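**Student:** Here you go, protein_18.txt (compact mmCIF, C-alpha atoms and all ligand atoms):
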```
# COMPACT_ATOMS: atom_id res chain seq x y z
CA MET A 272 24.92 3.82 -22.92
CA GLU A 273 23.67 0.77 -21.12
CA THR A 274 20.37 -0.09 -19.43
CA ILE A 275 20.39 -2.18 -16.25
CA VAL A 276 17.99 -5.12 -16.07
CA LEU A 277 17.10 -6.17 -12.52
CA THR A 278 15.23 -9.36 -11.69
CA ARG A 279 12.90 -9.86 -8.77
CA LYS A 280 15.72 -11.58 -6.85
CA ASP A 281 18.03 -8.59 -7.47
CA VAL A 282 15.35 -6.17 -6.28
CA GLU A 283 14.54 -8.22 -3.17
CA SER A 284 18.20 -8.43 -2.22
CA ILE A 285 18.92 -4.72 -2.39
CA ILE A 286 16.17 -2.73 -0.63
CA SER A 287 14.88 -2.94 2.96
CA MET A 288 11.47 -2.02 4.37
CA LYS A 289 13.10 0.75 6.39
CA GLU A 290 14.52 2.35 3.22
CA ALA A 291 11.15 1.95 1.51
CA ILE A 292 9.30 3.66 4.39
CA ASN A 293 11.66 6.66 4.30
CA ALA A 294 11.46 6.90 0.50
CA VAL A 295 7.66 6.63 0.40
CA GLU A 296 7.26 9.20 3.18
CA GLU A 297 9.44 11.63 1.21
CA ALA A 298 7.46 10.90 -1.98
CA PHE A 299 4.19 11.79 -0.22
CA ARG A 300 5.75 15.03 1.06
CA LEU A 301 7.03 16.00 -2.39
CA TYR A 302 3.68 15.26 -4.02
CA ALA A 303 1.79 17.37 -1.46
CA THR A 304 4.16 20.29 -2.05
CA SER A 305 3.88 20.05 -5.87
CA LYS A 306 7.45 18.77 -6.31
CA ALA A 307 6.34 15.52 -7.90
CA ILE A 308 4.25 14.92 -11.01
CA MET A 309 1.72 12.09 -11.25
CA PRO A 310 -0.91 11.93 -14.01
CA PRO A 311 -3.89 9.59 -13.37
CA LYS A 312 -3.38 5.84 -13.90
CA VAL A 313 -4.32 4.56 -17.35
CA TYR A 314 -6.51 1.43 -17.33
CA LEU A 315 -6.61 -1.15 -20.13
CA THR A 316 -9.44 -3.58 -19.40
CA LEU A 317 -9.58 -6.82 -21.39
CA GLU A 318 -11.58 -10.04 -21.19
CA ASP A 319 -9.18 -12.05 -19.01
CA GLY A 320 -7.77 -9.27 -16.88
CA ASP A 321 -6.65 -5.68 -16.79
CA PHE A 322 -3.51 -3.58 -17.07
CA ARG A 323 -2.57 -0.26 -15.48
CA ALA A 324 0.12 2.19 -16.57
CA MET A 325 1.35 4.34 -13.67
CA PRO A 326 3.71 7.16 -14.73
CA SER A 327 5.34 9.72 -12.44
CA TYR A 328 8.27 12.07 -11.90
CA LEU A 329 10.14 12.89 -8.69
CA MET A 330 13.63 13.39 -7.24
CA GLY A 331 15.34 13.64 -10.63
CA TYR A 332 13.81 10.51 -12.16
CA ALA A 333 10.84 9.69 -14.38
CA GLY A 334 9.31 6.25 -14.68
CA VAL A 335 6.32 4.08 -15.32
CA LYS A 336 4.98 0.89 -13.76
CA TRP A 337 3.11 -1.46 -16.09
CA VAL A 338 1.08 -3.86 -13.95
CA ASN A 339 -1.60 -6.46 -14.67
CA SER A 340 -4.30 -8.22 -12.69
CA HIS A 341 -5.43 -11.56 -14.13
CA PRO A 342 -7.51 -13.34 -11.44
CA LYS A 343 -7.47 -16.74 -13.18
CA ASN A 344 -3.67 -16.83 -13.47
CA PRO A 345 -3.05 -19.07 -10.42
CA GLU A 346 -4.87 -21.89 -12.30
CA LYS A 347 -2.24 -21.48 -15.03
CA GLY A 348 0.66 -21.43 -12.58
CA LEU A 349 1.20 -17.67 -12.90
CA PRO A 350 0.81 -14.94 -10.25
CA THR A 351 -2.34 -12.79 -10.48
CA VAL A 352 -0.34 -9.60 -10.40
CA MET A 353 2.99 -9.02 -12.19
CA ALA A 354 4.65 -5.67 -12.63
CA VAL A 355 7.57 -4.17 -14.54
CA PHE A 356 9.08 -0.75 -13.87
CA ILE A 357 10.94 1.35 -16.45
CA LEU A 358 13.12 4.08 -14.92
CA ASN A 359 14.21 6.96 -17.17
CA ASP A 360 16.50 9.95 -17.03
CA PRO A 361 14.02 12.84 -17.32
CA LYS A 362 16.65 15.11 -18.95
CA ASN A 363 17.08 12.98 -22.06
CA GLY A 364 14.55 10.15 -21.65
CA PHE A 365 17.19 7.40 -21.60
CA PRO A 366 15.91 4.14 -20.01
CA LEU A 367 18.27 3.72 -17.06
CA ALA A 368 16.75 0.50 -15.78
CA ILE A 369 14.07 -2.10 -16.34
CA MET A 370 13.19 -3.98 -13.18
CA ASP A 371 10.70 -6.38 -11.68
CA ALA A 372 8.16 -4.34 -9.74
CA THR A 373 6.06 -7.21 -8.38
CA PHE A 374 7.97 -7.25 -5.09
CA LEU A 375 8.26 -3.44 -5.17
CA THR A 376 4.46 -3.11 -5.32
CA SER A 377 3.99 -5.03 -2.07
CA LEU A 378 6.97 -3.28 -0.46
CA ARG A 379 5.74 0.22 -1.26
CA THR A 380 2.17 -0.66 -0.20
CA GLY A 381 3.47 -1.88 3.16
CA ALA A 382 5.63 1.24 3.44
CA ALA A 383 2.65 3.55 2.84
CA GLY A 384 0.73 1.72 5.58
CA GLY A 385 3.71 2.23 7.89
CA VAL A 386 3.89 5.96 7.10
CA ALA A 387 0.13 6.35 7.66
CA ALA A 388 0.19 4.53 11.01
CA LYS A 389 3.22 6.59 12.10
CA HIS A 390 1.28 9.83 11.57
CA LEU A 391 -2.25 8.72 12.42
CA ALA A 392 -2.14 5.94 15.03
CA ARG A 393 -1.61 6.51 18.74
CA GLU A 394 2.13 6.59 19.40
CA ASN A 395 1.97 3.84 22.02
CA SER A 396 -0.02 1.45 19.79
CA LYS A 397 0.71 -2.14 20.79
CA VAL A 398 -2.09 -4.38 19.51
CA PHE A 399 -2.52 -4.74 15.76
CA GLY A 400 -5.55 -6.37 14.14
CA PHE A 401 -5.36 -7.92 10.68
CA ILE A 402 -8.43 -8.69 8.56
CA GLY A 403 -7.04 -10.58 5.58
CA CYS A 404 -3.82 -12.56 6.00
CA GLY A 405 -2.46 -12.68 2.44
CA LYS A 406 0.47 -11.04 0.73
CA GLN A 407 -0.30 -7.41 1.60
CA ALA A 408 -0.83 -8.33 5.26
CA ILE A 409 2.74 -9.63 5.40
CA PHE A 410 4.18 -6.38 4.04
CA GLN A 411 1.95 -4.27 6.31
CA LEU A 412 3.28 -6.27 9.26
CA LEU A 413 6.90 -5.74 8.18
CA ALA A 414 6.32 -1.96 7.97
CA ILE A 415 4.44 -1.75 11.30
CA LYS A 416 7.30 -3.66 12.93
CA GLU A 417 9.73 -0.92 11.87
CA ILE A 418 7.64 1.74 13.62
CA PHE A 419 5.97 0.21 16.69
CA ASP A 420 6.81 -2.24 19.47
CA ILE A 421 4.25 -4.90 18.66
CA GLU A 422 2.85 -6.64 21.73
CA LEU A 423 0.23 -8.70 19.92
CA VAL A 424 -1.13 -9.32 16.44
CA LYS A 425 -4.72 -10.52 16.12
CA ALA A 426 -5.43 -12.11 12.75
CA TYR A 427 -8.56 -13.12 10.88
CA ASP A 428 -9.02 -14.48 7.34
CA ILE A 429 -11.83 -16.46 5.70
CA SER A 430 -9.13 -18.99 4.79
CA GLU A 431 -7.75 -21.00 7.70
CA LYS A 432 -4.73 -21.85 5.55
CA ALA A 433 -3.96 -18.13 5.13
CA GLU A 434 -4.39 -17.54 8.88
CA LEU A 435 -1.98 -20.34 9.75
CA ALA A 436 0.60 -19.20 7.18
CA PHE A 437 0.40 -15.63 8.55
CA LYS A 438 0.79 -16.86 12.14
CA GLU A 439 3.84 -18.84 11.04
CA PHE A 440 5.28 -15.74 9.35
CA CYS A 441 4.70 -13.68 12.52
CA LYS A 442 6.51 -16.36 14.53
CA LYS A 443 9.50 -16.15 12.17
CA GLU A 444 9.50 -12.38 12.69
CA GLY A 445 9.38 -12.82 16.49
CA VAL A 446 5.85 -11.41 16.75
CA ASP A 447 3.08 -12.97 18.90
CA CYS A 448 0.04 -13.73 16.74
CA MET A 449 -3.38 -14.91 17.89
CA ILE A 450 -5.94 -16.15 15.36
CA THR A 451 -9.35 -14.65 16.19
CA ASN A 452 -12.72 -13.94 14.65
CA ALA A 453 -13.26 -10.70 12.71
CA LYS A 454 -14.88 -8.87 15.64
CA ASP A 455 -12.03 -9.64 18.07
CA ALA A 456 -9.40 -8.64 15.51
CA CYS A 457 -11.00 -5.18 15.50
CA ASP A 458 -10.40 -4.80 19.25
CA CYS A 459 -6.95 -3.29 18.70
CA ASP A 460 -5.00 -0.02 18.42
CA VAL A 461 -4.40 -0.31 14.67
CA LEU A 462 -6.59 -2.34 12.31
CA ILE A 463 -5.20 -3.36 8.93
CA THR A 464 -7.64 -4.62 6.31
CA THR A 465 -6.20 -6.29 3.21
CA THR A 466 -9.03 -8.28 1.62
CA PRO A 467 -10.36 -7.94 -1.96
CA SER A 468 -13.90 -7.82 -0.51
CA THR A 469 -16.77 -6.03 -2.26
CA SER A 470 -18.99 -6.02 0.83
CA PRO A 471 -18.12 -4.70 4.29
CA VAL A 472 -16.20 -7.14 6.50
CA VAL A 473 -15.76 -4.69 9.43
CA LYS A 474 -18.88 -3.61 11.35
CA LYS A 475 -19.26 -0.16 12.88
CA ASP A 476 -19.90 -1.42 16.43
CA TRP A 477 -16.58 -3.28 16.43
CA ILE A 478 -14.42 -0.14 16.12
CA LYS A 479 -13.49 1.64 19.37
CA GLU A 480 -12.65 5.33 19.72
CA GLY A 481 -8.96 5.99 19.12
CA THR A 482 -8.48 3.16 16.61
CA HIS A 483 -6.51 3.80 13.45
CA ILE A 484 -7.45 1.78 10.36
CA ASN A 485 -5.20 1.14 7.39
CA ALA A 486 -7.79 0.28 4.71
CA ILE A 487 -5.57 -1.29 2.04
CA GLY A 488 -7.72 -3.83 0.18
CA ALA A 489 -10.08 -1.53 -1.72
CA ASP A 490 -8.19 -0.28 -4.76
CA ALA A 491 -10.80 -0.58 -7.51
CA PRO A 492 -14.43 0.47 -8.04
CA GLY A 493 -16.90 -1.66 -6.06
CA LYS A 494 -14.37 -2.85 -3.46
CA GLN A 495 -15.24 -2.09 0.16
CA GLU A 496 -14.06 -3.51 3.50
CA LEU A 497 -15.62 -1.18 6.12
CA GLU A 498 -19.26 -0.42 6.88
CA ILE A 499 -20.06 3.06 5.58
CA GLU A 500 -21.09 4.12 9.11
CA ILE A 501 -17.42 3.80 10.11
CA LEU A 502 -16.40 6.27 7.38
CA LYS A 503 -19.06 8.71 8.57
CA LYS A 504 -17.67 8.88 12.11
CA SER A 505 -13.95 8.88 11.23
CA LYS A 506 -11.23 11.26 10.08
CA ILE A 507 -10.52 10.03 6.55
CA VAL A 508 -7.07 10.45 5.03
CA VAL A 509 -6.51 9.33 1.43
CA ASP A 510 -3.33 8.77 -0.56
CA ASP A 511 -4.81 10.63 -3.54
CA LEU A 512 -8.29 12.17 -3.61
CA GLU A 513 -9.22 11.30 -7.21
CA GLN A 514 -7.94 7.72 -6.97
CA ALA A 515 -9.69 7.19 -3.63
CA LEU A 516 -13.04 8.47 -4.93
CA HIS A 517 -12.63 6.25 -8.00
CA GLY A 518 -11.59 2.98 -6.35
CA GLY A 519 -10.54 3.42 -2.72
CA GLU A 520 -12.40 2.44 0.45
CA VAL A 521 -14.57 5.55 0.04
CA ASN A 522 -15.60 4.75 -3.58
CA VAL A 523 -18.86 2.95 -2.77
CA ALA A 524 -19.98 5.53 -0.18
CA HIS A 525 -19.03 8.29 -2.64
CA SER A 526 -20.96 6.72 -5.51
CA LEU A 527 -24.02 6.52 -3.21
CA GLY A 528 -23.62 10.22 -2.36
CA ILE A 529 -23.01 9.43 1.34
CA ILE A 530 -19.36 10.54 1.43
CA ARG A 531 -18.49 13.70 -0.50
CA ARG A 532 -15.15 15.27 -1.37
CA GLU A 533 -15.50 17.68 1.55
CA ASN A 534 -15.78 14.73 3.96
CA ILE A 535 -12.19 13.71 3.15
CA TYR A 536 -9.98 15.37 5.76
CA ALA A 537 -6.59 15.31 4.00
CA THR A 538 -4.12 13.45 1.87
CA LEU A 539 -1.36 11.56 3.64
CA GLY A 540 1.13 13.89 1.92
CA GLU A 541 -0.51 16.95 3.48
CA ILE A 542 -0.06 15.39 6.91
CA VAL A 543 3.54 14.29 6.27
CA ALA A 544 4.35 17.82 4.98
CA GLY A 545 2.78 19.41 8.08
CA ILE A 546 0.07 21.18 6.04
CA LYS A 547 -2.66 19.40 8.03
CA LYS A 548 -2.55 17.86 11.51
CA GLY A 549 -2.38 14.08 11.95
CA ARG A 550 -4.10 12.45 14.92
CA GLU A 551 -5.94 14.77 17.28
CA GLY A 552 -7.16 13.12 20.48
CA ASN A 553 -9.14 9.92 20.66
CA GLU A 554 -10.69 10.04 17.19
CA ILE A 555 -11.02 7.13 14.75
CA THR A 556 -8.70 7.65 11.79
CA ILE A 557 -8.72 5.85 8.45
CA PHE A 558 -5.98 5.73 5.83
CA ASP A 559 -7.63 4.90 2.50
CA SER A 560 -4.84 3.46 0.35
CA THR A 561 -5.16 2.91 -3.39
CA GLY A 562 -1.44 2.82 -4.29
CA LEU A 563 0.32 5.66 -6.07
CA ALA A 564 2.82 5.76 -8.92
CA ILE A 565 5.08 8.06 -6.85
CA GLN A 566 5.43 5.28 -4.26
CA ASP A 567 6.71 2.94 -6.99
CA LEU A 568 9.12 5.51 -8.39
CA ALA A 569 10.49 6.39 -4.93
CA VAL A 570 11.45 2.77 -4.27
CA ALA A 571 12.62 2.09 -7.86
CA LYS A 572 15.03 5.06 -7.50
CA ILE A 573 16.67 3.48 -4.45
CA VAL A 574 16.90 0.09 -6.15
CA TYR A 575 18.56 1.65 -9.22
CA GLU A 576 21.04 3.80 -7.27
CA LYS A 577 22.07 0.87 -5.06
CA ALA A 578 22.34 -1.46 -8.06
CA VAL A 579 24.72 0.98 -9.77
CA LYS A 580 26.86 1.20 -6.61
CA LYS A 581 26.94 -2.58 -6.12
CA ASP A 582 27.28 -3.39 -9.82
CA LEU A 583 24.15 -5.55 -9.61
CA GLY A 584 22.03 -6.67 -12.57
CA ILE A 585 22.66 -7.29 -16.23
CA LYS A 586 23.76 -4.35 -18.36
CA ILE A 587 22.46 -4.34 -21.93
CA GLU A 588 22.71 -2.06 -24.94
CA LEU A 589 18.94 -1.87 -25.26
CA ILE A 590 18.73 1.23 -27.42
N1 LIG B 1 -3.79 -0.15 -1.65
C1 LIG B 1 -2.82 -0.63 -2.39
O1 LIG B 1 -1.86 0.05 -2.73
C2 LIG B 1 -2.85 -2.07 -2.77
C3 LIG B 1 -1.69 -2.67 -3.30
C4 LIG B 1 -1.72 -4.02 -3.60
C5 LIG B 1 -2.90 -4.76 -3.42
N2 LIG B 1 -4.02 -4.13 -2.95
C6 LIG B 1 -5.28 -4.86 -2.75
O2 LIG B 1 -5.20 -5.55 -1.51
C7 LIG B 1 -6.07 -6.69 -1.55
C8 LIG B 1 -5.30 -7.91 -1.04
O3 LIG B 1 -4.22 -8.19 -1.90
P1 LIG B 1 -3.22 -9.40 -1.55
O4 LIG B 1 -2.11 -9.28 -2.54
O5 LIG B 1 -2.89 -9.41 -0.10
O6 LIG B 1 -4.15 -10.64 -1.90
P2 LIG B 1 -4.07 -12.09 -1.27
O7 LIG B 1 -4.94 -12.95 -2.11
O8 LIG B 1 -2.65 -12.49 -1.06
O9 LIG B 1 -4.74 -11.93 0.19
C9 LIG B 1 -6.06 -11.57 0.41
C10 LIG B 1 -6.59 -12.36 1.60
O10 LIG B 1 -7.88 -11.89 1.95
C11 LIG B 1 -8.66 -13.00 2.35
N3 LIG B 1 -10.06 -12.65 2.26
C12 LIG B 1 -10.82 -12.50 1.15
N4 LIG B 1 -12.05 -12.11 1.48
C13 LIG B 1 -12.08 -12.02 2.84
C14 LIG B 1 -13.07 -11.67 3.78
N5 LIG B 1 -14.30 -11.33 3.39
N6 LIG B 1 -12.76 -11.68 5.09
C15 LIG B 1 -11.51 -12.04 5.50
N7 LIG B 1 -10.52 -12.39 4.65
C16 LIG B 1 -10.80 -12.38 3.34
C17 LIG B 1 -8.23 -14.12 1.42
O11 LIG B 1 -8.55 -15.39 1.94
C18 LIG B 1 -6.72 -13.87 1.32
O12 LIG B 1 -6.00 -14.60 2.30
C19 LIG B 1 -6.57 -6.79 -2.99
O13 LIG B 1 -7.85 -6.23 -3.08
C20 LIG B 1 -5.57 -5.95 -3.77
O14 LIG B 1 -6.12 -5.45 -4.97
C21 LIG B 1 -4.02 -2.82 -2.61
```
How does this structure look as structure tokens?
**Tutor:**
Amino acid sequence: METIVLTRKDVESIISMKEAINAVEEAFRLYATSKAIMPPKVYLTLEDGDFRAMPSYLMGYAGVKWVNSHPKNPEKGLPTVMAVFILNDPKNGFPLAIMDATFLTSLRTGAAGGVAAKHLARENSKVFGFIGCGKQAIFQLLAIKEIFDIELVKAYDISEKAELAFKEFCKKEGVDCMITNAKDACDCDVLITTTPSTSPVVKKDWIKEGTHINAIGADAPGKQELEIEILKKSKIVVDDLEQALHGGEVNVAHSLGIIRRENIYATLGEIVAGIKKGREGNEITIFDSTGLAIQDLAVAKIVYEKAVKKDLGIKIELI
């Protein structure tokens, strides 16, 4: 039997954001109804960076993403984050595919933001604020564009270069983008925060009733983008409770004892599966995203199945 090896270019060429949104939404539903298995991430922390192993099972496949974060890599001409996914047949363990998962990580993160906004933002949302204009912002925009008619994007970043590059990307996508300050970016229907900040960037007085926030940037202990007062007055939805308490937007407030488990309203899966209600009235909602292994597996499954159909990738006798 042969294993398919798929490069980043192969992966990019074969899966769309729309497919990723549908797959990720289904993965959340399966996880909430105990039809997916996902043990906690395993962390390997070393001097120059860290690694995470993210295993899971769903929809007839098992797999693991092995992903690093080495902050000094750009100085060496390497990306900070690089990821590889191994997809296995759960019946016999055979490695069906080995693929780049660097692109998949951004794609599935964008897709989760899209799913969250679909269920939690006001249906007629038109103005989208972005705090942080890097890589994740781009994928959040691509997902939002699949779900809403965007009238205006308001963008803020501490780097002017990042703001201008994001504006240029919006233009290419046919989306109007205005560069603003942080406060004005928050005057929107849906706010998307994608910074690696460890102190709040978004102030409580800037957030109006009815706003939905996709809090994407905080995915490790100590990271925080929103003032804790915002969490206290909002309906908080997490991707996974344990991961969110450990490293999500709520981690700092939780470690200070201000936000407790019982203050978390639901998981996104519970809302997608109809176990809990999504938006109710003019409340402020927050999706606290940390990134789940089931999201990676759901998109890797599509990539593999389409690659088989299209005869894409290199087949090797690995085993
Ligand atoms: N939730 C998830 O599933 C998930 C997945 C991938 C990445 N992330 C996290 O998202 C964050 C962003 O990742 P990325 O790949 O977009 O990084 P990136 O470096 O491409 O972009 C981050 C941007 O934030 C800007 N920024 C930093 N501090 C800021 C501040 N205080 N105010 C405004 N802008 C600020 C930077 O200038 C940069 O343009 C990281 O913390 C990363 O770990 C989360």
**Student:** Contacts of stretch 389-393 of chain A at 6 Å or less, counting all atoms listed in the file, minus same-chain residues fewer than 3 places along, as a list in words?
**Tutor:**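 Contacts, in chain order: Val386, Ser396, His483, Gly549 and Arg550 of chain A.
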**Student:** Could you report the residues within 7 Å of ligand LIG 1 (chain B), using all atoms listed in the file, as a list in words?
**Tutor:** Thr376, Ser377, Thr380, Ile402, Gly403, Cys404, Gly405, Lys406, Gln407, Ala408, Tyr427, Asp428, Ile429, Ser430, Ala433, Thr465, Thr466, Pro467, Ser468, Val472, Ile487, Gly488, Ala489, Asp490, Ser560, Thr561, Gly562 and Leu563 of chain A
**Student:** Save the residues we just selected, C-alpha atoms, as a compact mmCIF listing (two decimals), in the coordinates of the input?
**Tutor:**
```
# COMPACT_ATOMS: atom_id res chain seq x y z
CA THR A 376 4.46 -3.11 -5.32
CA SER A 377 3.99 -5.03 -2.07
CA THR A 380 2.17 -0.66 -0.20
CA ILE A 402 -8.43 -8.69 8.56
CA GLY A 403 -7.04 -10.58 5.58
CA CYS A 404 -3.82 -12.56 6.00
CA GLY A 405 -2.46 -12.68 2.44
CA LYS A 406 0.47 -11.04 0.73
CA GLN A 407 -0.30 -7.41 1.60
CA ALA A 408 -0.83 -8.33 5.26
CA TYR A 427 -8.56 -13.12 10.88
CA ASP A 428 -9.02 -14.48 7.34
CA ILE A 429 -11.83 -16.46 5.70
CA SER A 430 -9.13 -18.99 4.79
CA ALA A 433 -3.96 -18.13 5.13
CA THR A 465 -6.20 -6.29 3.21
CA THR A 466 -9.03 -8.28 1.62
CA PRO A 467 -10.36 -7.94 -1.96
CA SER A 468 -13.90 -7.82 -0.51
CA VAL A 472 -16.20 -7.14 6.50
CA ILE A 487 -5.57 -1.29 2.04
CA GLY A 488 -7.72 -3.83 0.18
CA ALA A 489 -10.08 -1.53 -1.72
CA ASP A 490 -8.19 -0.28 -4.76
CA SER A 560 -4.84 3.46 0.35
CA THR A 561 -5.16 2.91 -3.39
CA GLY A 562 -1.44 2.82 -4.29
CA LEU A 563 0.32 5.66 -6.07
```
**Student:** Determine the nearest neighbour of A:Ile529 from the options A:Cys448, A:Leu516, A:Ala294, A:Gly348, counting only C-alpha atoms.
**Tutor:**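 Checking each of A:Cys448, A:Leu516, A:Ala294, A:Gly348 against A:Ile529, counting only C-alpha atoms, the winner is A:Leu516.
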**Student:** Report as a count of residues only all protein, DNA and RNA residues lying within 12 Å of A:Gly528, evaluated on only C-alpha atoms, omitting residues in the same chain fewer than 6 positions from it.
**Tutor:** 6
**Student:** Which one of A:Thr538, A:Thr451, A:Ser287, A:Ser470 sits closest to A:Glu434 if you count only C-alpha atoms?
**Tutor:** A:Thr451
**Student:** Figure out the distance between atom CA of A:Glu513 and atom CA of A:Ala486, please, to one decimal in Å.
**Tutor:**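 About the pair atom CA of A:Ala486 and atom CA of A:Glu513: they are 16.3 Å apart.
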**Student:** Hey, which of A:Leu512, A:Ile369, A:Ala564, A:Ala524 ends up closest to A:Glu496? Count all atoms listed in the file.
**Tutor:** A:Ala524
**Student:** Choose the residue, out of A:Gln566, A:Thr316, A:Ile292, A:Lys572, that has the smallest atom-to-atom separation from A:Glu417; count only C-alpha atoms.
**Tutor:** A:Ile292
**Student:** Write out as a list in words each polymer residue whose atoms come within 8 Å of A:Ile585, counting only C-alpha atoms; drop sequence neighbours fewer than 3 positions from it.
**Tutor:**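 That gives Ile275, Val276 and Leu277 of chain A.
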**Student:** Could you give me, as a PyMOL selection string, the residues within 12 Å of A:Asp281, counting only C-alpha atoms and dropping anything in the same chain fewer than 2 positions from it?
**Tutor:** chain A and resi 275-279+283-286+369-372+374-375+571+574-575+577-579+581-585
**Student:** Measuring atom to atom with all atoms listed in the file, identify which of A:Asp360, A:Glu444, A:Asp510, A:Glu520 is nearest to A:Gly331.
**Tutor:**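 Closest to A:Gly331 of all the choices is A:Asp360.
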**Student:** Give me, please, the distance in Å between atom CA of A:Asp447 and atom CA of A:Glu422, quoted to one decimal.
**Tutor:**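 Between atom CA of A:Asp447 and atom CA of A:Glu422 the gap works out to 6.9 Å.
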**Student:** Using all atoms listed in the file, which protein or nucleic acid residues come within 9 Å of A:Leu329? Drop anything in the same chain fewer than 6 positions from it, and give the result as a list in words.
**Tutor:**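 Counting all atoms listed in the file, the residues come to Ala298, Leu301, Tyr302, Lys306, Ala307, Ile308, Met309, Ile565, Leu568 and Ala569 of chain A.
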**Student:** Smallest atom-to-atom distance to A:Phe558: which of A:His517, A:Lys506, A:Arg300, A:His525, using all atoms listed in the file?
**Tutor:**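 Between A:His517, A:Lys506, A:Arg300, A:His525, the residue approaching A:Phe558 most closely is A:Lys506.
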**Student:** Between atom CA of A:Thr469 and atom CA of A:Ala537, measure the distance and give it in Å to one decimal.
**Tutor:**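 Taking atom CA of A:Thr469 as the start and atom CA of A:Ala537 as the end point, the length is 24.5 Å.
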